[in-house]
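With mmCIF, C-alpha atoms inside, this is work.cif:
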```
data_upload
loop_
_atom_site.label_atom_id
_atom_site.label_comp_id
_atom_site.auth_asym_id
_atom_site.auth_seq_id
_atom_site.Cartn_x
_atom_site.Cartn_y
_atom_site.Cartn_z
CA MET M 1 86.31 -94.38 -8.96
CA ALA M 2 83.37 -92.29 -9.99
CA GLU M 3 81.00 -94.39 -7.91
CA THR M 4 83.12 -93.85 -4.86
CA VAL M 5 82.86 -90.16 -5.33
CA VAL M 6 79.07 -90.28 -5.39
CA GLN M 7 78.85 -92.23 -2.16
CA THR M 8 81.27 -89.94 -0.45
CA ASP M 9 79.16 -86.90 -1.37
CA HIS M 10 75.92 -88.45 -0.06
CA GLU M 11 77.53 -89.28 3.19
CA ARG M 12 78.59 -85.72 3.66
CA GLY M 13 74.88 -84.51 3.50
CA ALA M 14 75.18 -82.56 0.28
CA ALA M 15 71.96 -80.90 -1.07
CA PRO M 16 69.93 -82.92 -3.54
CA ALA M 17 70.40 -82.10 -7.14
CA PRO M 18 67.90 -79.46 -8.57
CA PRO M 19 64.89 -80.70 -10.62
CA PRO M 20 65.04 -80.53 -14.34
CA HIS M 21 64.42 -77.11 -15.94
CA GLY M 22 61.03 -77.95 -17.51
CA ARG M 23 59.37 -78.95 -14.27
CA ARG M 24 60.25 -75.69 -12.47
CA GLY M 25 58.79 -73.57 -15.34
CA ARG M 26 55.46 -75.43 -15.16
CA ARG M 27 55.10 -74.60 -11.45
CA THR M 28 55.75 -70.88 -12.11
CA VAL M 29 52.95 -70.77 -14.73
CA LEU M 30 50.43 -72.31 -12.32
CA VAL M 31 51.15 -69.72 -9.58
CA ALA M 32 50.73 -66.79 -12.00
CA SER M 33 47.42 -68.15 -13.28
CA ALA M 34 46.06 -68.37 -9.77
CA LEU M 35 46.89 -64.75 -9.13
CA VAL M 36 45.05 -63.63 -12.28
CA VAL M 37 41.92 -65.54 -11.24
CA VAL M 38 41.90 -63.91 -7.81
CA ALA M 39 42.27 -60.45 -9.31
CA ALA M 40 39.42 -61.07 -11.74
CA VAL M 41 37.09 -62.15 -8.96
CA ALA M 42 37.95 -59.03 -7.01
CA VAL M 43 37.12 -56.82 -9.99
CA VAL M 44 33.81 -58.55 -10.58
CA GLY M 45 32.90 -58.13 -6.95
CA ALA M 46 33.79 -54.47 -7.00
CA LEU M 47 31.62 -53.85 -10.04
CA GLY M 48 28.71 -55.67 -8.53
CA LEU M 49 28.40 -57.95 -11.55
CA GLY M 50 28.56 -61.22 -9.71
CA GLY M 51 27.47 -62.90 -6.55
CA GLY M 52 24.06 -64.20 -5.65
CA GLY M 53 23.43 -61.36 -3.14
CA ALA M 54 22.68 -58.70 -5.82
CA LYS M 55 19.01 -57.71 -6.24
CA GLU M 56 17.44 -58.95 -9.36
CA GLY M 57 16.60 -56.22 -11.90
CA SER M 58 18.87 -53.59 -10.35
CA SER M 59 19.56 -51.02 -13.11
CA ALA M 60 22.28 -48.97 -11.43
CA PRO M 61 24.62 -49.14 -8.49
CA PRO M 62 23.57 -47.36 -5.27
CA ARG M 63 23.81 -43.51 -5.51
CA SER M 64 24.46 -40.89 -2.89
CA GLY M 65 22.24 -37.85 -2.24
CA SER M 66 19.15 -37.15 -0.14
CA THR M 67 15.57 -37.85 -1.17
CA VAL M 68 12.51 -35.67 -0.67
CA PRO M 69 8.80 -36.36 -1.21
CA VAL M 70 6.64 -34.72 -3.87
CA THR M 71 4.22 -32.48 -1.95
CA ARG M 72 0.93 -30.79 -2.80
CA THR M 73 0.75 -27.14 -1.80
CA THR M 74 0.05 -23.56 -2.94
CA LEU M 75 2.89 -21.76 -4.68
CA THR M 76 3.02 -17.98 -4.43
CA GLU M 77 5.33 -15.85 -6.53
CA ARG M 78 6.61 -12.83 -4.60
CA THR M 79 8.47 -9.87 -6.05
CA THR M 80 10.33 -7.11 -4.23
CA VAL M 81 10.66 -3.52 -5.46
CA ASP M 82 12.18 -0.38 -3.94
CA GLY M 83 10.08 2.35 -2.38
CA GLN M 84 10.38 5.54 -0.34
CA LEU M 85 8.80 6.02 3.08
CA GLY M 86 7.44 9.49 3.77
CA TYR M 87 4.25 11.51 4.00
CA GLY M 88 3.40 11.40 0.32
CA THR M 89 3.38 14.04 -2.36
CA GLU M 90 3.03 17.63 -1.15
CA ILE M 91 -0.08 19.43 -2.39
CA PRO M 92 -0.60 23.23 -2.54
CA LEU M 93 -3.10 24.57 -0.03
CA PRO M 94 -6.02 26.34 -1.78
CA VAL M 95 -5.43 29.67 -0.04
CA LYS M 96 -7.79 32.31 -1.43
CA ALA M 97 -6.88 35.17 0.87
CA THR M 98 -5.29 38.20 -0.76
CA GLY M 99 -2.61 40.38 0.74
CA THR M 100 0.80 40.01 2.32
CA VAL M 101 2.02 36.89 4.14
CA THR M 102 2.76 37.92 7.71
CA TRP M 103 3.24 34.50 9.39
CA LEU M 104 4.10 30.96 8.32
CA PRO M 105 4.17 27.72 10.34
CA ALA M 106 7.31 25.58 10.60
CA GLU M 107 7.66 22.73 8.12
CA GLY M 108 6.44 19.47 9.65
CA THR M 109 3.86 21.17 11.89
CA THR M 110 0.52 19.36 12.25
CA VAL M 111 -2.57 21.58 11.99
CA LYS M 112 -5.99 20.39 13.14
CA ARG M 113 -9.51 21.74 12.69
CA GLY M 114 -9.68 25.32 13.88
CA GLY M 115 -5.91 25.79 13.72
CA THR M 116 -4.16 28.59 11.85
CA LEU M 117 -2.45 27.66 8.59
CA LEU M 118 -0.87 31.05 7.95
CA ARG M 119 -1.64 34.73 8.43
CA VAL M 120 -2.32 37.16 5.62
CA ASP M 121 -2.39 40.88 6.44
CA ASP M 122 -2.19 39.64 10.04
CA ARG M 123 -5.51 37.80 9.69
CA PRO M 124 -5.54 34.04 10.37
CA VAL M 125 -6.44 31.59 7.61
CA VAL M 126 -8.17 28.76 9.50
CA LEU M 127 -8.31 25.05 8.65
CA LEU M 128 -11.73 23.39 8.64
CA TYR M 129 -12.72 19.87 7.58
CA GLY M 130 -14.69 19.19 4.42
CA THR M 131 -14.55 18.27 0.77
CA LEU M 132 -16.36 21.29 -0.71
CA PRO M 133 -13.98 24.21 -1.34
CA MET M 134 -14.77 27.69 -0.10
CA TYR M 135 -16.20 29.47 -3.13
CA ARG M 136 -18.31 32.32 -1.72
CA GLU M 137 -18.79 34.55 1.29
CA LEU M 138 -21.06 33.17 4.03
CA GLY M 139 -23.35 35.43 6.05
CA LEU M 140 -26.69 37.16 6.18
CA THR M 141 -27.09 38.52 2.65
CA ALA M 142 -28.07 42.06 1.80
CA GLY M 143 -31.26 40.63 0.31
CA ALA M 144 -32.19 39.02 3.61
CA GLN M 145 -31.54 42.20 5.57
CA GLN M 146 -33.48 44.30 3.06
CA GLY M 147 -36.36 41.80 3.12
CA THR M 148 -36.48 42.03 6.90
CA ARG M 149 -36.75 45.83 6.82
CA GLN M 150 -39.36 45.78 4.03
CA GLY M 151 -41.44 43.19 5.82
CA THR M 152 -41.44 45.26 9.00
CA ARG M 153 -42.67 48.38 7.13
CA GLN M 154 -45.40 46.43 5.30
CA LYS M 155 -46.60 44.83 8.50
CA ALA M 156 -46.78 48.21 10.28
CA GLY M 157 -48.71 49.73 7.38
CA ALA M 158 -51.18 46.87 7.34
CA GLU M 159 -51.82 47.20 11.06
CA ALA M 160 -52.42 50.97 10.73
CA GLU M 161 -54.80 50.43 7.85
CA GLY M 162 -56.72 47.85 9.84
CA GLU M 163 -57.27 50.28 12.72
CA THR M 164 -59.01 52.82 10.41
CA GLN M 165 -61.43 50.36 8.83
CA ASP M 166 -65.13 51.10 9.37
CA SER M 167 -66.85 48.75 11.75
CA GLY M 168 -69.18 47.88 8.86
CA ASP M 169 -66.31 46.22 7.14
CA GLN M 170 -65.77 43.65 9.92
CA ASP M 171 -67.60 41.01 7.89
CA ARG M 172 -64.83 41.34 5.32
CA THR M 173 -62.12 40.65 7.92
CA ASP M 174 -60.28 37.32 7.53
CA GLU M 175 -61.59 34.65 9.85
CA THR M 176 -58.01 33.82 10.76
CA SER M 177 -57.55 37.29 12.34
CA GLY M 178 -55.54 38.60 9.43
CA ALA M 179 -55.52 42.27 8.48
CA PRO M 180 -58.40 43.20 6.10
CA ASP M 181 -57.46 43.62 2.48
CA PRO M 182 -58.84 46.70 0.63
CA SER M 183 -59.98 44.45 -2.18
CA GLY M 184 -61.97 42.34 0.21
CA SER M 185 -59.66 39.30 -0.05
CA PRO M 186 -58.39 38.00 3.28
CA THR M 187 -54.63 38.16 4.05
CA PRO M 188 -53.02 35.48 6.25
CA SER M 189 -51.86 36.51 9.69
CA GLY M 190 -48.69 38.59 9.56
CA GLY M 191 -49.09 39.61 5.91
CA ALA M 192 -46.87 39.07 2.91
CA GLY M 193 -44.33 41.40 4.40
CA ALA M 194 -43.85 39.13 7.38
CA ARG M 195 -43.20 36.18 5.10
CA ALA M 196 -40.58 38.16 3.22
CA GLY M 197 -38.96 39.27 6.45
CA GLY M 198 -38.60 35.66 7.68
CA THR M 199 -37.06 33.95 4.61
CA ALA M 200 -36.35 36.27 1.71
CA GLY M 201 -32.66 36.33 0.69
CA THR M 202 -31.48 33.75 3.28
CA LEU M 203 -28.24 32.02 2.21
CA ARG M 204 -28.65 28.28 1.64
CA GLY M 205 -26.48 25.47 0.35
CA MET M 206 -24.27 22.51 1.12
CA ASP M 207 -21.38 24.86 1.83
CA VAL M 208 -23.45 26.37 4.64
CA LEU M 209 -24.08 22.92 6.09
CA GLN M 210 -20.38 22.10 5.89
CA PHE M 211 -19.39 25.33 7.63
CA GLU M 212 -22.03 25.04 10.35
CA SER M 213 -20.91 21.45 11.06
CA ASN M 214 -17.38 22.72 11.67
CA LEU M 215 -18.57 25.63 13.77
CA ALA M 216 -20.55 23.30 16.02
CA ALA M 217 -17.61 20.85 16.26
CA LEU M 218 -15.45 23.73 17.53
CA GLY M 219 -17.99 24.36 20.30
CA TYR M 220 -19.82 27.38 18.87
CA THR M 221 -23.47 26.30 18.99
CA GLY M 222 -26.90 27.86 19.50
CA PHE M 223 -28.17 27.29 15.95
CA THR M 224 -29.55 24.44 13.87
CA VAL M 225 -26.93 22.69 11.74
CA ASP M 226 -28.57 22.70 8.33
CA GLU M 227 -28.23 24.29 4.91
CA GLU M 228 -29.53 27.69 6.02
CA PHE M 229 -27.38 30.55 7.33
CA THR M 230 -29.59 32.30 9.88
CA ASP M 231 -29.19 35.11 12.38
CA LEU M 232 -28.39 32.49 15.01
CA THR M 233 -25.58 31.22 12.80
CA ALA M 234 -24.24 34.76 12.47
CA ARG M 235 -24.22 35.16 16.26
CA ALA M 236 -22.13 31.97 16.61
CA VAL M 237 -19.76 33.26 13.91
CA LYS M 238 -19.25 36.46 15.89
CA ARG M 239 -18.24 34.48 18.98
CA TRP M 240 -15.81 32.46 16.86
CA GLN M 241 -14.36 35.64 15.32
CA LYS M 242 -13.86 37.12 18.77
CA SER M 243 -11.78 34.11 19.84
CA LEU M 244 -9.57 34.64 16.76
CA GLY M 245 -9.07 38.33 17.46
CA LEU M 246 -11.03 39.34 14.35
CA PRO M 247 -13.71 42.01 13.91
CA GLN M 248 -17.05 40.49 14.89
CA THR M 249 -18.93 40.88 11.62
CA GLY M 250 -20.84 37.59 11.57
CA THR M 251 -19.73 37.11 7.97
CA VAL M 252 -17.10 34.59 6.81
CA GLY M 253 -14.92 35.81 3.94
CA ILE M 254 -13.91 33.54 1.08
CA GLY M 255 -10.25 33.73 2.16
CA ASP M 256 -10.87 33.20 5.88
CA VAL M 257 -10.93 29.38 5.81
CA VAL M 258 -9.42 26.48 3.89
CA TYR M 259 -11.05 23.04 3.78
CA SER M 260 -9.25 19.70 4.00
CA THR M 261 -10.49 16.15 4.54
CA GLY M 262 -8.62 16.00 7.85
CA LYS M 263 -5.66 17.35 9.77
CA VAL M 264 -2.63 18.27 7.67
CA ARG M 265 1.14 18.27 7.97
CA ILE M 266 2.75 21.48 6.75
CA GLY M 267 5.25 20.99 3.95
CA HIS M 268 7.38 23.36 1.91
CA ALA M 269 6.45 27.04 1.80
CA GLY M 270 6.41 28.63 -1.64
CA VAL M 271 6.63 32.21 -0.38
CA ARG M 272 8.57 34.20 2.17
CA LEU M 273 7.32 36.48 4.88
CA GLY M 274 6.41 39.82 3.40
CA SER M 275 5.63 38.38 -0.03
CA PRO M 276 2.20 38.49 -1.64
CA VAL M 277 0.08 35.37 -1.35
CA THR M 278 0.35 33.03 -4.34
CA ASP M 279 -1.34 29.80 -5.38
CA ASP M 280 1.73 27.92 -4.16
CA ALA M 281 2.06 29.81 -0.89
CA LEU M 282 2.02 26.71 1.29
CA ARG M 283 2.12 22.98 0.62
CA TYR M 284 0.82 20.19 2.80
CA THR M 285 0.57 16.42 3.14
CA GLY M 286 -1.45 14.04 5.25
CA THR M 287 -0.20 13.19 8.73
CA SER M 288 0.10 9.44 8.11
CA ARG M 289 3.31 7.96 6.76
CA LYS M 290 3.04 6.06 3.53
CA VAL M 291 5.24 4.54 0.85
CA VAL M 292 5.55 5.65 -2.76
CA VAL M 293 6.84 3.16 -5.34
CA ASN M 294 7.76 4.17 -8.86
CA ALA M 295 6.53 0.97 -10.48
CA SER M 296 7.43 -0.04 -14.00
CA ALA M 297 4.53 0.80 -16.27
CA ALA M 298 5.08 -2.53 -18.03
CA GLU M 299 4.92 -4.55 -14.80
CA ASP M 300 2.35 -2.75 -12.64
CA SER M 301 -0.42 -5.35 -12.81
CA TRP M 302 0.11 -6.01 -9.08
CA ALA M 303 -0.71 -2.40 -8.26
CA VAL M 304 -4.46 -2.67 -7.72
CA ARG M 305 -6.23 -0.51 -5.17
CA GLY M 306 -6.76 -2.53 -2.00
CA ALA M 307 -4.02 -5.08 -2.78
CA ALA M 308 -2.04 -6.22 0.27
CA VAL M 309 1.74 -5.79 0.33
CA THR M 310 4.56 -6.15 2.85
CA VAL M 311 6.85 -3.20 3.58
CA GLY M 312 10.40 -3.96 4.66
CA LEU M 313 11.90 -1.30 6.95
CA PRO M 314 15.62 -0.44 7.21
CA ASP M 315 15.84 -2.14 10.64
CA GLY M 316 14.81 -5.47 9.14
CA LYS M 317 11.23 -5.40 10.43
CA SER M 318 8.24 -5.83 8.15
CA VAL M 319 4.85 -4.10 8.34
CA LYS M 320 1.62 -4.61 6.45
CA GLY M 321 0.60 -2.14 3.77
CA GLU M 322 -2.17 -1.64 1.24
CA VAL M 323 -2.20 -0.07 -2.21
CA ALA M 324 -4.20 3.16 -1.88
CA SER M 325 -3.80 4.73 -5.31
CA VAL M 326 -2.09 4.20 -8.65
CA GLY M 327 -1.04 7.06 -10.90
CA LYS M 328 -2.73 7.27 -14.29
CA SER M 329 0.17 8.96 -16.07
CA ALA M 330 3.50 7.27 -16.71
CA THR M 331 6.68 9.30 -16.23
CA ALA M 332 9.42 8.90 -18.81
CA PRO M 333 12.80 7.91 -17.36
CA GLU M 334 15.58 10.43 -17.15
CA GLU M 335 17.91 10.40 -20.11
CA GLY M 336 20.64 7.84 -19.56
CA GLY M 337 18.96 6.59 -16.40
CA GLY M 338 18.75 3.00 -15.31
CA GLU M 339 21.22 0.18 -15.71
CA GLY M 340 22.64 0.22 -19.20
CA GLY M 341 20.30 3.06 -20.11
CA SER M 342 17.35 0.67 -20.36
CA ALA M 343 15.05 2.31 -17.82
CA THR M 344 11.32 2.10 -18.55
CA PRO M 345 8.50 4.58 -17.84
CA THR M 346 7.07 4.38 -14.34
CA VAL M 347 3.82 5.16 -12.54
CA PRO M 348 3.61 6.25 -8.88
CA VAL M 349 1.96 3.74 -6.56
CA THR M 350 0.96 4.98 -3.09
CA ILE M 351 0.85 2.45 -0.25
CA THR M 352 -0.74 3.23 3.11
CA ILE M 353 0.27 1.72 6.46
CA LYS M 354 -2.62 1.28 8.88
CA ASP M 355 -0.50 0.59 11.96
CA GLN M 356 1.52 3.79 12.16
CA LYS M 357 3.10 2.77 15.47
CA SER M 358 4.77 -0.19 13.77
CA VAL M 359 6.86 2.23 11.68
CA GLY M 360 8.44 3.71 14.80
CA ARG M 361 9.88 7.22 14.57
CA LEU M 362 11.00 7.02 10.97
CA GLU M 363 9.70 9.88 8.86
CA SER M 364 11.67 9.26 5.69
CA ALA M 365 13.67 6.22 4.58
CA PRO M 366 14.27 3.87 1.65
CA VAL M 367 12.19 0.68 2.03
CA THR M 368 11.30 -2.43 0.08
CA VAL M 369 7.82 -3.49 -0.97
CA GLU M 370 7.02 -7.16 -1.49
CA TYR M 371 3.92 -8.04 -3.44
CA VAL M 372 2.28 -11.23 -4.66
CA GLY M 373 2.58 -11.80 -8.37
CA ARG M 374 1.18 -15.13 -9.53
CA GLU M 375 -0.26 -17.89 -7.39
CA ARG M 376 -0.93 -21.59 -8.07
CA ALA M 377 -3.14 -23.42 -5.58
CA ASP M 378 -3.19 -27.19 -4.88
CA VAL M 379 -0.30 -28.21 -7.18
CA LEU M 380 2.45 -30.84 -6.91
CA THR M 381 5.84 -29.32 -6.09
CA VAL M 382 9.46 -30.33 -5.47
CA PRO M 383 12.57 -28.34 -4.59
CA VAL M 384 14.10 -26.73 -7.67
CA ALA M 385 17.33 -28.62 -6.89
CA ALA M 386 15.57 -31.92 -7.61
CA LEU M 387 15.16 -31.11 -11.32
CA VAL M 388 17.54 -32.82 -13.75
CA ALA M 389 18.05 -32.12 -17.44
CA LEU M 390 17.12 -35.07 -19.67
CA ALA M 391 19.21 -36.10 -22.66
CA GLU M 392 16.17 -36.01 -24.92
CA GLY M 393 15.34 -32.49 -23.70
CA GLY M 394 13.18 -31.04 -20.98
CA HIS M 395 13.30 -31.79 -17.28
CA GLY M 396 12.82 -34.85 -15.16
CA LEU M 397 13.07 -36.30 -11.67
CA GLU M 398 15.17 -39.20 -10.44
CA THR M 399 13.26 -41.64 -8.26
CA ALA M 400 14.76 -43.27 -5.19
CA ASP M 401 15.41 -46.51 -7.12
CA GLY M 402 17.40 -44.73 -9.85
CA ARG M 403 14.75 -44.35 -12.54
CA PHE M 404 14.19 -41.08 -14.37
CA VAL M 405 10.69 -39.71 -15.11
CA ALA M 406 9.92 -36.77 -17.35
CA VAL M 407 7.93 -33.85 -15.85
CA LYS M 408 6.43 -30.59 -17.03
CA THR M 409 7.41 -27.55 -14.96
CA GLY M 410 5.12 -24.68 -14.02
CA LEU M 411 5.51 -21.82 -11.54
CA PHE M 412 8.83 -21.32 -9.75
CA ALA M 413 8.53 -19.70 -6.31
CA ASP M 414 10.15 -19.82 -2.87
CA GLY M 415 12.79 -22.33 -4.01
CA ARG M 416 10.20 -24.82 -5.26
CA VAL M 417 8.74 -25.62 -8.66
CA GLU M 418 5.39 -26.86 -9.84
CA VAL M 419 5.65 -30.28 -11.58
CA SER M 420 3.15 -32.42 -13.41
CA GLY M 421 3.16 -35.60 -15.48
CA SER M 422 1.61 -39.05 -15.69
CA ALA M 423 4.42 -40.64 -13.66
CA VAL M 424 4.38 -38.06 -10.83
CA ARG M 425 2.24 -38.55 -7.77
CA GLU M 426 1.99 -37.00 -4.33
CA GLY M 427 4.27 -38.57 -1.75
CA MET M 428 6.71 -40.27 -4.13
CA ASP M 429 10.36 -39.86 -3.16
CA VAL M 430 12.73 -38.19 -5.59
CA ARG M 431 16.46 -37.72 -5.30
CA ILE M 432 18.30 -34.41 -5.06
CA PRO M 433 21.57 -34.89 -6.97
CA GLU M 434 24.75 -33.96 -5.18
#
```
Here is a file; write its structure as structure tokens.
Amino acid sequence: MAETVVQTDHERGAAPAPPPHGRRGRRTVLVASALVVVAAVAVVGALGLGGGGAKEGSSAPPRSGSTVPVTRTTLTERTTVDGQLGYGTEIPLPVKATGTVTWLPAEGTTVKRGGTLLRVDDRPVVLLYGTLPMYRELGLTAGAQQGTRQGTRQKAGAEAEGETQDSGDQDRTDETSGAPDPSGSPTPSGGAGARAGGTAGTLRGMDVLQFESNLAALGYTGFTVDEEFTDLTARAVKRWQKSLGLPQTGTVGIGDVVYSTGKVRIGHAGVRLGSPVTDDALRYTGTSRKVVVNASAAEDSWAVRGAAVTVGLPDGKSVKGEVASVGKSATAPEEGGGEGGSATPTVPVTITIKDQKSVGRLESAPVTVEYVGRERADVLTVPVAALVALAEGGHGLETADGRFVAVKTGLFADGRVEVSGSAVREGMDVRIPE
């Protein structure tokens, strides 16, 4: 009866009986093991630890970041400081006239040779060019005039005495046609009096030469430009005085002129109209714009006369400048001045600008001054960004193949740094870390 049941089930197409429990568990273990092997291979491939395609000796996986070559060049350290554009420090005019100020020029006026600086007692004080100050009156001295009169009298007396000489005394007459001398000694033609009349008491000196040079430059000529003030000089002075509306005396007073090395720009007036003249009556500057920098006394080694600098103007343009002078006295900072109260003493550094047209119309403005500090010629350099800190200390560079080499750093400038070391050579590629 049981057998019949089995046949009947087979005929109906019933599903085969399931395999024993142990067989199915063995198949499940094999599938899981295969999956683990595949995952392991994937990990190895990702880490680059397997496969015959890897380069032999590779010490690190490929890295990102650009590479740059080590180059040989000149590094220049540049520093920028603040300055002030203007006409420089105002200097008092050495006015020696005495009296009341009756006219003053407007501030900013340019006065050239022969121009009027101011008027004192309604007399002009004239600008002339020179380095020697006016220290005495110039003119025909009283001694010269007295010598001329004395010489004329002596000459007339000698001629009268010669006319009364006895004809027997002709053998005692000077062979050069001079007047006979009562003692029998010959006298040169014209006599001693004539010599005195020609030269005695004549004013001489470098100040005379300086004045005559100016007089001739203004167009008043007719005399020899030298160190001697003659009657011809006095005649030219009279013509000059006439053009100024002055009494034609031929004599130049000590307060009539002021000397300067060139044309001047009028600055601040220290007196008012109607006030007596003082030493600070009128100030002036040069007519060329320049820059003044209050440089730190501790860091002014760049400020050497003749040193080239670059001046940055407010409009972004740059012009060339040159150090003209450096102050010899340091100025203490104002109390509490500077950031954190740590201001240091400063010295004034004056910088001239040769091309005045390049400054435009600016007369006063804050500017920057860039100067060269240190310079290293023919050195190996890399961008500062290429430096890496080494674990053992110091700095190094990473080569393109992932190696690290130690280097010694030098000057930093313009975003680059000087490097040296036995493993560094020109042209080698180094990596800039990202």
message: Here is a test: counting only C-alpha atoms, which residue of M:Asp414, M:Asp355, M:Asp315, M:Asp429 is nearest to Glu398 of chain M?
response: M:Asp429
message: As an exercise, work out the distance from atom CA of Asp121 of chain M to atom CA of Ala269 of chain M in Å and give it to one decimal place.
response: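 If I compute the distance from atom CA of Asp121 of chain M to atom CA of Ala269 of chain M, I get 17.1 Å.
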How would you write as a short mmCIF file (atom, residue, chain, number, x, y, z; two decimals) with C-alpha atoms, in the coordinates of the input the residues that get within 7 Å of (-8.4, 3.8, -4.8) in the file's frame, counting all atoms listed in the file?
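So the final result, stored in out14.cif, reads:
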```
data_model
loop_
_atom_site.label_atom_id
_atom_site.label_comp_id
_atom_site.auth_asym_id
_atom_site.auth_seq_id
_atom_site.Cartn_x
_atom_site.Cartn_y
_atom_site.Cartn_z
CA ARG M 305 -6.23 -0.51 -5.17
CA ALA M 324 -4.20 3.16 -1.88
CA SER M 325 -3.80 4.73 -5.31
#
```
task: May I have the residues at most 8 Å from (14.7, -34.6, -11.6) in the file's coordinates, counting all atoms listed in the file, as number ranges by chain?
output: M: 386-389, 395-399, 404-406, 430-432
Using the selection just defined, write its residues with C-alpha atoms as a PDB file, in the coordinates of the input.
```
ATOM      1  CA  ALA M 386      15.570 -31.920  -7.610  1.00  0.00           C
ATOM      2  CA  LEU M 387      15.160 -31.110 -11.320  1.00  0.00           C
ATOM      3  CA  VAL M 388      17.540 -32.820 -13.750  1.00  0.00           C
ATOM      4  CA  ALA M 389      18.050 -32.120 -17.440  1.00  0.00           C
ATOM      5  CA  HIS M 395      13.300 -31.790 -17.280  1.00  0.00           C
ATOM      6  CA  GLY M 396      12.820 -34.850 -15.160  1.00  0.00           C
ATOM      7  CA  LEU M 397      13.070 -36.300 -11.670  1.00  0.00           C
ATOM      8  CA  GLU M 398      15.170 -39.200 -10.440  1.00  0.00           C
ATOM      9  CA  THR M 399      13.260 -41.640  -8.260  1.00  0.00           C
ATOM     10  CA  PHE M 404      14.190 -41.080 -14.370  1.00  0.00           C
ATOM     11  CA  VAL M 405      10.690 -39.710 -15.110  1.00  0.00           C
ATOM     12  CA  ALA M 406       9.920 -36.770 -17.350  1.00  0.00           C
ATOM     13  CA  VAL M 430      12.730 -38.190  -5.590  1.00  0.00           C
ATOM     14  CA  ARG M 431      16.460 -37.720  -5.300  1.00  0.00           C
ATOM     15  CA  ILE M 432      18.300 -34.410  -5.060  1.00  0.00           C
TER      16      ILE M 432
END
```
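Taking atom CA of Val369 of chain M as the reference point, atom CA of Thr310 of chain M is found at 5.7 Å.
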field: Shortest interatomic distance to Leu75 of chain M - which of M:Arg376, M:Arg425, M:Arg403, M:Lys328, counting all atoms listed in the file
entry: M:Arg376
